[in-house]
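This is my_file-v5.cif (mmCIF, C-alpha atoms).
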```cif
data_query
#
loop_
_atom_site.label_atom_id
_atom_site.label_comp_id
_atom_site.auth_asym_id
_atom_site.auth_seq_id
_atom_site.Cartn_x
_atom_site.Cartn_y
_atom_site.Cartn_z
CA MET C 262 -1.98 31.13 -12.15
CA SER C 263 -2.61 27.40 -12.16
CA PRO C 264 -0.15 25.25 -10.20
CA LEU C 265 2.48 23.36 -12.15
CA SER C 266 2.33 19.57 -12.05
CA SER C 267 4.91 16.84 -12.21
CA ARG C 268 4.90 13.09 -12.21
CA SER C 269 7.36 10.87 -10.44
CA ALA C 270 7.68 7.12 -10.20
CA ASP C 271 9.95 4.75 -8.29
CA SER C 272 10.55 1.90 -10.72
CA THR C 273 7.12 0.33 -11.38
CA SER C 274 5.92 0.18 -7.77
CA ARG C 275 4.75 3.76 -7.22
CA ILE C 276 2.84 6.44 -9.10
CA ALA C 277 2.85 10.02 -7.85
CA PHE C 278 1.52 13.21 -9.41
CA SER C 279 2.51 16.35 -7.52
CA ALA C 280 1.31 19.89 -8.10
CA VAL C 281 3.65 22.78 -7.35
CA SER C 282 2.38 26.08 -5.99
CA SER C 283 4.31 29.16 -4.90
CA SER C 284 1.50 30.29 -2.59
CA PRO C 285 2.02 29.74 1.16
CA THR C 286 -1.75 29.70 1.77
CA VAL C 287 -3.10 27.47 -0.99
CA PRO C 288 -4.83 24.29 0.29
CA HIS C 289 -3.06 21.04 -0.61
CA HIS C 290 -5.16 17.87 -0.97
CA LEU C 291 -3.86 14.31 -1.27
CA ILE C 292 -5.65 11.63 -3.25
CA TYR C 293 -4.32 8.31 -1.93
CA PHE C 294 -5.12 5.25 -4.03
CA ILE C 295 -5.29 1.65 -2.75
CA THR C 296 -5.17 -1.15 -5.32
CA GLY C 297 -7.15 -4.35 -5.56
CA ASN C 298 -5.67 -7.85 -5.74
CA PRO C 299 -3.34 -8.44 -7.60
CA GLY C 300 -1.89 -5.33 -6.03
CA LEU C 301 0.23 -3.85 -8.81
CA ILE C 302 -0.13 -0.10 -9.22
CA GLY C 303 0.86 -0.39 -12.89
CA TYR C 304 -2.68 -1.54 -13.71
CA TYR C 305 -3.92 1.92 -12.69
CA ASN C 306 -1.46 4.06 -14.63
CA THR C 307 -4.04 5.23 -17.17
CA PHE C 308 -6.73 5.75 -14.53
CA LEU C 309 -4.57 7.86 -12.21
CA GLY C 310 -2.99 9.74 -15.11
CA THR C 311 -6.41 10.61 -16.52
CA LEU C 312 -7.68 11.69 -13.10
CA HIS C 313 -4.63 13.91 -12.69
CA GLU C 314 -5.22 15.53 -16.08
CA LEU C 315 -8.89 16.14 -15.31
CA LEU C 316 -8.17 17.72 -11.94
CA SER C 317 -5.37 19.84 -13.38
CA ALA C 318 -7.60 21.11 -16.17
CA SER C 319 -10.55 21.88 -13.94
CA GLU C 320 -11.77 25.47 -14.11
CA SER C 321 -14.17 25.20 -11.18
CA SER C 322 -14.15 28.60 -9.49
CA SER C 323 -15.04 26.99 -6.16
CA ARG C 324 -11.54 25.52 -5.81
CA GLU C 325 -9.46 27.28 -8.44
CA SER C 326 -6.61 27.72 -5.97
CA ASP C 327 -6.69 24.18 -4.58
CA VAL C 328 -3.74 21.89 -5.27
CA PHE C 329 -4.24 18.14 -5.74
CA HIS C 330 -1.55 15.49 -5.33
CA ILE C 331 -2.08 11.84 -6.31
CA TYR C 332 -0.20 8.90 -4.83
CA GLY C 333 -0.55 5.15 -5.24
CA GLN C 334 1.74 2.19 -4.67
CA SER C 335 1.73 -1.55 -5.21
CA LEU C 336 0.75 -3.71 -2.28
CA ALA C 337 3.56 -5.53 -0.52
CA GLY C 338 4.69 -8.86 -1.98
CA PHE C 339 3.69 -8.16 -5.57
CA GLU C 340 6.88 -6.40 -6.66
CA GLU C 341 10.55 -7.05 -6.06
CA GLY C 342 11.91 -5.32 -2.95
CA PRO C 343 10.10 -3.44 -0.15
CA ILE C 344 7.28 -1.08 -1.18
CA SER C 345 6.07 0.50 2.06
CA PRO C 346 7.70 1.71 5.26
CA GLY C 347 7.90 -1.39 7.46
CA ALA C 348 7.95 -3.86 4.56
CA GLU C 349 10.78 -6.39 4.68
CA SER C 350 13.46 -6.35 1.99
CA GLU C 351 14.09 -10.13 2.15
CA ARG C 352 10.56 -11.37 2.81
CA THR C 353 10.17 -15.10 2.11
CA SER C 354 6.47 -15.49 2.91
CA PRO C 355 3.41 -13.55 1.72
CA TYR C 356 1.72 -10.68 3.52
CA SER C 357 -1.72 -11.05 5.10
CA LEU C 358 -4.62 -8.68 4.51
CA GLU C 359 -3.97 -7.26 7.98
CA ASP C 360 -0.33 -6.66 7.03
CA GLN C 361 -1.41 -4.81 3.90
CA ILE C 362 -3.76 -2.55 5.85
CA GLU C 363 -1.10 -1.58 8.36
CA LEU C 364 1.58 -1.06 5.70
CA SER C 365 -0.76 1.16 3.67
CA LEU C 366 -1.63 3.10 6.80
CA LYS C 367 2.06 3.66 7.60
CA SER C 368 2.68 4.77 4.03
CA LEU C 369 -0.19 7.27 4.22
CA GLU C 370 1.09 8.69 7.51
CA THR C 371 4.54 9.41 6.02
CA LEU C 372 3.32 11.46 3.05
CA GLN C 373 3.73 15.23 3.18
CA ILE C 374 3.54 18.18 0.80
CA PRO C 375 6.58 17.53 -1.42
CA SER C 376 7.65 21.05 -2.42
CA GLY C 377 6.92 24.76 -2.30
CA PRO C 378 6.49 27.12 0.68
CA ARG C 379 4.61 24.43 2.60
CA GLN C 380 7.06 21.61 1.92
CA ASP C 381 7.02 18.82 4.54
CA GLN C 382 3.73 20.01 6.06
CA ARG C 383 0.67 17.76 6.32
CA PHE C 384 -1.96 17.81 3.60
CA ASP C 385 -5.06 19.85 4.41
CA ASN C 386 -7.37 17.05 3.29
CA ILE C 387 -7.01 13.46 2.17
CA ILE C 388 -9.36 11.65 -0.19
CA LEU C 389 -8.91 7.89 -0.20
CA ILE C 390 -9.80 5.84 -3.28
CA GLY C 391 -9.94 2.07 -3.10
CA HIS C 392 -10.61 -0.59 -5.72
CA SER C 393 -12.05 -4.01 -4.86
CA VAL C 394 -10.33 -5.22 -1.65
CA GLY C 395 -8.68 -1.79 -1.56
CA SER C 396 -12.11 -0.49 -0.60
CA TYR C 397 -12.20 -2.78 2.43
CA MET C 398 -8.73 -1.54 3.34
CA LEU C 399 -9.95 2.04 2.90
CA LEU C 400 -12.73 1.58 5.48
CA GLU C 401 -10.31 -0.09 7.90
CA ILE C 402 -7.82 2.78 7.53
CA ILE C 403 -10.51 5.38 8.23
CA GLN C 404 -11.70 3.53 11.32
CA ARG C 405 -8.18 2.99 12.67
CA LEU C 406 -7.18 6.61 12.15
CA ARG C 407 -10.29 7.77 14.01
CA LYS C 408 -9.69 5.40 16.91
CA ARG C 409 -6.07 6.54 17.16
CA ASP C 410 -7.06 10.24 17.12
CA SER C 411 -4.79 10.77 14.13
CA PRO C 412 -4.14 14.37 13.00
CA LEU C 413 -4.69 13.27 9.39
CA LYS C 414 -7.92 14.70 7.99
CA ILE C 415 -9.73 12.16 5.82
CA LYS C 416 -12.30 14.18 3.91
CA ALA C 417 -13.77 11.37 1.82
CA GLY C 418 -13.48 7.83 0.56
CA ILE C 419 -14.38 6.66 -2.95
CA LEU C 420 -14.91 2.91 -3.19
CA LEU C 421 -14.80 1.45 -6.70
CA PHE C 422 -16.33 -1.99 -7.29
CA PRO C 423 -15.98 -2.57 -3.54
CA THR C 424 -15.69 -5.97 -1.88
CA VAL C 425 -16.49 -4.95 1.70
CA THR C 426 -18.84 -7.69 2.95
CA HIS C 427 -19.36 -11.42 2.32
CA ILE C 428 -16.92 -11.79 -0.57
CA ALA C 429 -17.03 -15.59 -0.29
CA GLU C 430 -20.70 -15.48 -1.36
CA SER C 431 -19.85 -13.88 -4.70
CA PRO C 432 -19.73 -16.09 -7.83
CA SER C 433 -15.93 -16.03 -7.95
CA GLY C 434 -15.69 -16.26 -4.18
CA VAL C 435 -17.69 -19.50 -4.18
CA LYS C 436 -15.37 -21.02 -6.79
CA ILE C 437 -12.08 -20.03 -5.25
CA SER C 438 -13.20 -20.93 -1.71
CA THR C 439 -13.54 -24.53 -2.92
CA LEU C 440 -9.87 -24.54 -3.95
CA PHE C 441 -8.81 -23.09 -0.64
CA ARG C 442 -10.08 -26.22 1.10
CA ILE C 443 -6.97 -27.93 -0.29
CA PRO C 444 -4.28 -27.68 2.42
CA ASP C 445 -1.68 -24.98 1.66
CA PHE C 446 -3.25 -24.41 -1.77
CA PRO C 447 -1.80 -20.89 -2.35
CA LYS C 448 1.80 -22.04 -1.95
CA LYS C 449 1.37 -25.32 -3.84
CA ALA C 450 -0.41 -23.63 -6.75
CA SER C 451 2.21 -20.90 -6.97
CA ILE C 452 5.05 -23.44 -7.12
CA VAL C 453 3.38 -25.31 -9.96
CA ALA C 454 2.54 -22.09 -11.80
CA LYS C 455 6.05 -20.68 -11.48
CA GLY C 456 7.54 -23.93 -12.75
CA LEU C 457 5.39 -23.80 -15.86
CA LEU C 458 5.88 -20.09 -16.42
CA TRP C 459 9.65 -20.16 -16.22
CA LEU C 460 9.76 -22.80 -18.94
CA ALA C 461 8.33 -20.31 -21.44
CA PRO C 462 10.54 -17.57 -22.93
CA LYS C 463 9.45 -14.07 -21.99
CA HIS C 464 8.27 -13.12 -25.49
CA VAL C 465 6.21 -16.31 -25.78
CA LEU C 466 4.65 -15.76 -22.37
CA LYS C 467 3.76 -12.18 -23.23
CA PHE C 468 2.09 -13.35 -26.44
CA LEU C 469 0.10 -15.97 -24.49
CA VAL C 470 -0.96 -13.44 -21.84
CA LYS C 471 -2.30 -11.09 -24.51
CA LEU C 472 -3.98 -13.93 -26.39
CA ILE C 473 -5.66 -15.52 -23.39
CA THR C 474 -6.63 -12.40 -21.43
CA ARG C 475 -7.22 -10.13 -24.44
CA MET C 476 -5.73 -7.31 -22.42
CA PRO C 477 -4.34 -4.12 -23.96
CA GLU C 478 -0.56 -3.92 -24.32
CA ASP C 479 0.09 -2.00 -21.09
CA ALA C 480 -2.09 -4.23 -18.89
CA ALA C 481 -0.62 -7.37 -20.46
CA GLY C 482 2.85 -6.07 -19.60
CA VAL C 483 1.87 -5.57 -15.96
CA THR C 484 0.36 -9.05 -15.85
CA LEU C 485 3.54 -10.55 -17.29
CA ARG C 486 5.59 -8.80 -14.61
CA PHE C 487 3.21 -10.11 -11.95
CA LEU C 488 3.42 -13.70 -13.21
CA ARG C 489 7.22 -13.64 -13.31
CA SER C 490 7.71 -11.86 -9.97
CA PRO C 491 9.38 -13.83 -7.16
CA MET C 492 6.29 -14.13 -4.96
CA GLY C 493 3.41 -12.48 -6.84
CA ILE C 494 1.23 -15.53 -7.49
CA TRP C 495 1.67 -16.88 -3.95
CA GLN C 496 0.97 -13.40 -2.55
CA ALA C 497 -2.21 -13.00 -4.60
CA LEU C 498 -3.60 -16.41 -3.62
CA HIS C 499 -2.58 -16.08 0.03
CA MET C 500 -4.26 -12.71 0.24
CA ALA C 501 -7.36 -13.96 -1.58
CA LYS C 502 -7.71 -16.77 0.97
CA ASP C 503 -7.42 -14.20 3.72
CA GLU C 504 -10.11 -12.09 2.04
CA MET C 505 -12.53 -15.04 1.93
CA GLU C 506 -12.08 -15.57 5.67
CA THR C 507 -11.98 -11.93 6.76
CA ILE C 508 -14.42 -9.99 4.56
CA THR C 509 -17.71 -11.17 6.02
CA GLU C 510 -20.06 -9.09 8.16
CA ASP C 511 -20.25 -5.29 8.18
CA ARG C 512 -17.70 -4.54 10.92
CA TRP C 513 -17.40 -0.76 11.03
CA ASP C 514 -18.60 1.71 13.65
CA GLU C 515 -21.82 3.60 13.13
CA ASP C 516 -20.10 6.96 12.60
CA ILE C 517 -18.06 5.51 9.72
CA TRP C 518 -21.36 5.01 7.95
CA GLY C 519 -22.41 8.61 8.61
CA ILE C 520 -25.43 8.02 10.84
CA GLU C 521 -27.19 11.36 10.63
CA HIS C 522 -26.49 13.95 13.32
CA THR C 523 -27.89 17.43 13.65
CA GLU C 524 -24.60 18.89 14.92
CA THR C 525 -22.84 20.57 12.01
CA ASP C 526 -19.36 20.13 13.49
CA TYR C 527 -19.92 16.41 14.00
CA LYS C 528 -21.18 15.92 10.46
CA ALA C 529 -18.19 17.80 9.05
CA ASP C 530 -15.85 15.37 10.81
CA ILE C 531 -17.36 12.31 9.09
CA PRO C 532 -15.62 11.35 5.83
CA LYS C 533 -18.01 11.30 2.91
CA LEU C 534 -18.20 7.85 1.32
CA VAL C 535 -19.12 7.16 -2.30
CA PHE C 536 -19.60 3.52 -3.35
CA TYR C 537 -19.69 2.53 -7.01
CA PHE C 538 -20.77 -1.08 -7.51
CA GLY C 539 -20.79 -3.19 -10.65
CA GLU C 540 -24.17 -4.27 -11.98
CA ASN C 541 -23.15 -7.93 -12.22
CA ASP C 542 -19.83 -8.11 -10.42
CA HIS C 543 -18.40 -11.62 -10.16
CA TRP C 544 -16.63 -10.63 -6.90
CA VAL C 545 -19.76 -9.14 -5.28
CA ALA C 546 -22.99 -11.09 -4.81
CA ASN C 547 -25.98 -9.02 -5.89
CA HIS C 548 -27.95 -9.88 -2.76
CA THR C 549 -25.16 -8.81 -0.38
CA ARG C 550 -24.66 -5.60 -2.38
CA ASP C 551 -28.36 -4.79 -2.29
CA ALA C 552 -28.56 -5.53 1.44
CA LEU C 553 -25.68 -3.15 2.15
CA ILE C 554 -27.25 -0.41 0.04
CA ALA C 555 -30.58 -0.83 1.84
CA ALA C 556 -28.94 -0.74 5.26
CA ARG C 557 -26.30 1.95 4.80
CA GLY C 558 -26.87 3.97 1.64
CA ASP C 559 -28.32 7.44 1.18
CA PRO C 560 -31.31 7.13 -1.17
CA ASP C 561 -31.04 10.81 -2.16
CA THR C 562 -27.39 10.65 -3.35
CA ASP C 563 -26.75 13.91 -1.49
CA LEU C 564 -23.05 14.81 -1.23
CA ALA C 565 -23.92 17.20 1.62
CA SER C 566 -25.35 14.34 3.69
CA SER C 567 -23.09 12.39 6.02
CA LYS C 568 -24.50 9.06 4.85
CA PRO C 569 -22.76 7.17 2.01
CA ILE C 570 -23.81 7.50 -1.59
CA MET C 571 -24.14 4.03 -3.12
CA LEU C 572 -24.47 3.72 -6.88
CA ILE C 573 -24.68 0.79 -9.30
CA ASP C 574 -22.96 1.01 -12.68
CA LYS C 575 -25.28 0.82 -15.69
CA ASN C 576 -22.63 0.97 -18.40
CA GLY C 577 -21.36 -2.61 -18.37
CA VAL C 578 -18.05 -1.78 -16.67
CA ASP C 579 -16.20 -4.85 -15.41
CA HIS C 580 -14.92 -5.35 -11.87
CA GLY C 581 -11.39 -4.79 -13.23
CA PHE C 582 -12.30 -1.36 -14.61
CA CYS C 583 -8.63 -0.38 -14.88
CA ILE C 584 -8.11 -2.70 -17.84
CA ARG C 585 -10.49 -1.11 -20.35
CA HIS C 586 -12.55 1.60 -18.63
CA SER C 587 -9.99 3.78 -16.87
CA GLU C 588 -10.96 7.02 -18.60
CA SER C 589 -14.71 6.80 -17.98
CA ILE C 590 -14.27 5.88 -14.32
CA ALA C 591 -11.72 8.68 -13.86
CA GLU C 592 -14.32 11.13 -15.17
CA LYS C 593 -16.85 9.88 -12.63
CA VAL C 594 -14.33 10.11 -9.80
CA LYS C 595 -13.39 13.64 -10.81
CA GLY C 596 -17.05 14.64 -10.65
CA TRP C 597 -17.42 13.17 -7.17
CA ILE C 598 -14.28 14.97 -6.01
CA ASP C 599 -15.67 18.25 -7.33
CA GLY C 600 -18.89 17.69 -5.41
CA ILE C 601 -17.10 16.64 -2.23
CA MET C 602 -14.89 19.73 -2.25
CA MET C 603 -17.90 22.01 -2.72
CA ALA C 604 -20.16 20.27 -0.16
#
```
Could you write out this file's structure as structure tokens?
Amino acid sequence: MSPLSSRSADSTSRIAFSAVSSSPTVPHHLIYFITGNPGLIGYYNTFLGTLHELLSASESSSRESDVFHIYGQSLAGFEEGPISPGAESERTSPYSLEDQIELSLKSLETLQIPSGPRQDQRFDNIILIGHSVGSYMLLEIIQRLRKRDSPLKIKAGILLFPTVTHIAESPSGVKISTLFRIPDFPKKASIVAKGLLWLAPKHVLKFLVKLITRMPEDAAGVTLRFLRSPMGIWQALHMAKDEMETITEDRWDEDIWGIEHTETDYKADIPKLVFYFGENDHWVANHTRDALIAARGDPDTDLASSKPIMLIDKNGVDHGFCIRHSESIAEKVKGWIDGIMMA
């Protein structure tokens, strides 16, 4: 019998899909999602919901008894109140990229099987998914867990439209880096923006957001909440400045990249990485993307290999895939998860 599934949410800051199984031996796998910037999980509601439906409906005999749980939360500073364990309830200044990594790591370490005979036990495997700067955070989390000899088993990482090296060299990075030369630009810009935004009635602002961004209704609603949040704009700009200064050279250990080893046990311990780049991503310079693929990618796209698979989208999907392409990307991710579980 297929496991039952349920969805839970804490206000708008968390999304969780939990499967329920009465078997004491069934493997439980956690899919932990890390957002981009702006870090509001609401942007990914359709993506994570579609992925949940696809995994629940899967009839693959290779893992028919496996149970998948999905969890994602907003990054700190983008919503009202604390999001993660360790986040401050009365924070008056934005969180750094380093703060976000550590808070996400603490959140991941607290998650356990929510119900059934194995309630409160650790998950058998964890698959991390990161979008944009969330992909950089994903690699940092893997490396830190390995260095700390964590008992958590990270089976794989899926990096969507990843900004993991030299983000300041991207077309948008070049533009925004110029603004960051202005002293205290993130705070000053957020004060001006909030002053202008609060002059407009909510219904007028929502109309303008939809008109200017041409976003669907749900994404426009999330954007409106972001713009009117106490610290969202400041948090986004502060973090973006941090990204420009921090995301530069490839900084991860060789075994994170799956340098080939003949020892089967060693290879099994290396999380499988799948990168999915945009063809013309305004947050990723083509030359830095191509250099990373040449240096680190597996040319054979072999899920059984320990080296990363690195693919380039050919379907015109934007960097912000969660706005209009959630379903198609969820289908790709589901296929990679199937392959990873069978490898």
- Can you tell me, as a ChimeraX atom specification, what residues are no more than 7 Å from Pro532 in chain C when counting only C-alpha atoms, ignoring any on the same chain fewer than 3 positions away? /C:415-418
- Message: Evaluated on this file, the PyMOL selection byres ((chain C and resi 452-458) around 12) picks out some residues - which ones are they, written as a VMD selection string?
- Response: chain C and resid 445 to 451 459 to 467 469 to 470 485 to 496 498
- Can you give me, as number ranges by chain, the residues this file yields under the PyMOL selection byres ((chain C and resi 309) around 10)? C: 276-278, 292, 294, 302-308, 310-315, 331-333, 583, 587-588, 591
- Ile295 in chain C environment, 12 Å, all atoms listed in the file, sequence neighbours closer than 2 positions dropped, as an MDAnalysis selection string: chainID C and resid 275:276 292:293 297:302 304:305 309 331:337 361:362 364:366 368:369 388:402 418:421 423
- Message: Set the distance at 10 Å and use all atoms listed in the file: which residues neighbour Phe329 in chain C once local chain neighbours fewer than 4 positions away are removed? I'd like the list as a VMD selection string.
- Response: chain C and resid 264 266 278 to 281 288 to 292 313 316 to 317 384 386 to 388
- Given the file shown, enumerate the residues that the PyMOL selection byres ((chain C and resi 427-429) around 7) captures and present them as an MDAnalysis selection string. chainID C and resid 424 426 430:431 434:435 438 505 508:510 544:545 549
- Message: Just the number, please: distance in Å from CA of Ser376 in chain C to CA of Ser319 in chain C, one decimal.
- Response: 21.6 Å
- Task: Measuring atom to atom with all atoms listed in the file, identify which of C:Pro378, C:Arg512, C:Ile403, C:Val535 is nearest to Asp559 in chain C.
- Result: C:Val535
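Here CA of Ile517 in chain C and CA of Ile531 in chain C stand 6.9 Å from one another.
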- Task: Between CA of Phe536 in chain C and CA of Ile601 in chain C, measure the distance and give it in Å to one decimal.
- Result: 13.4 Å
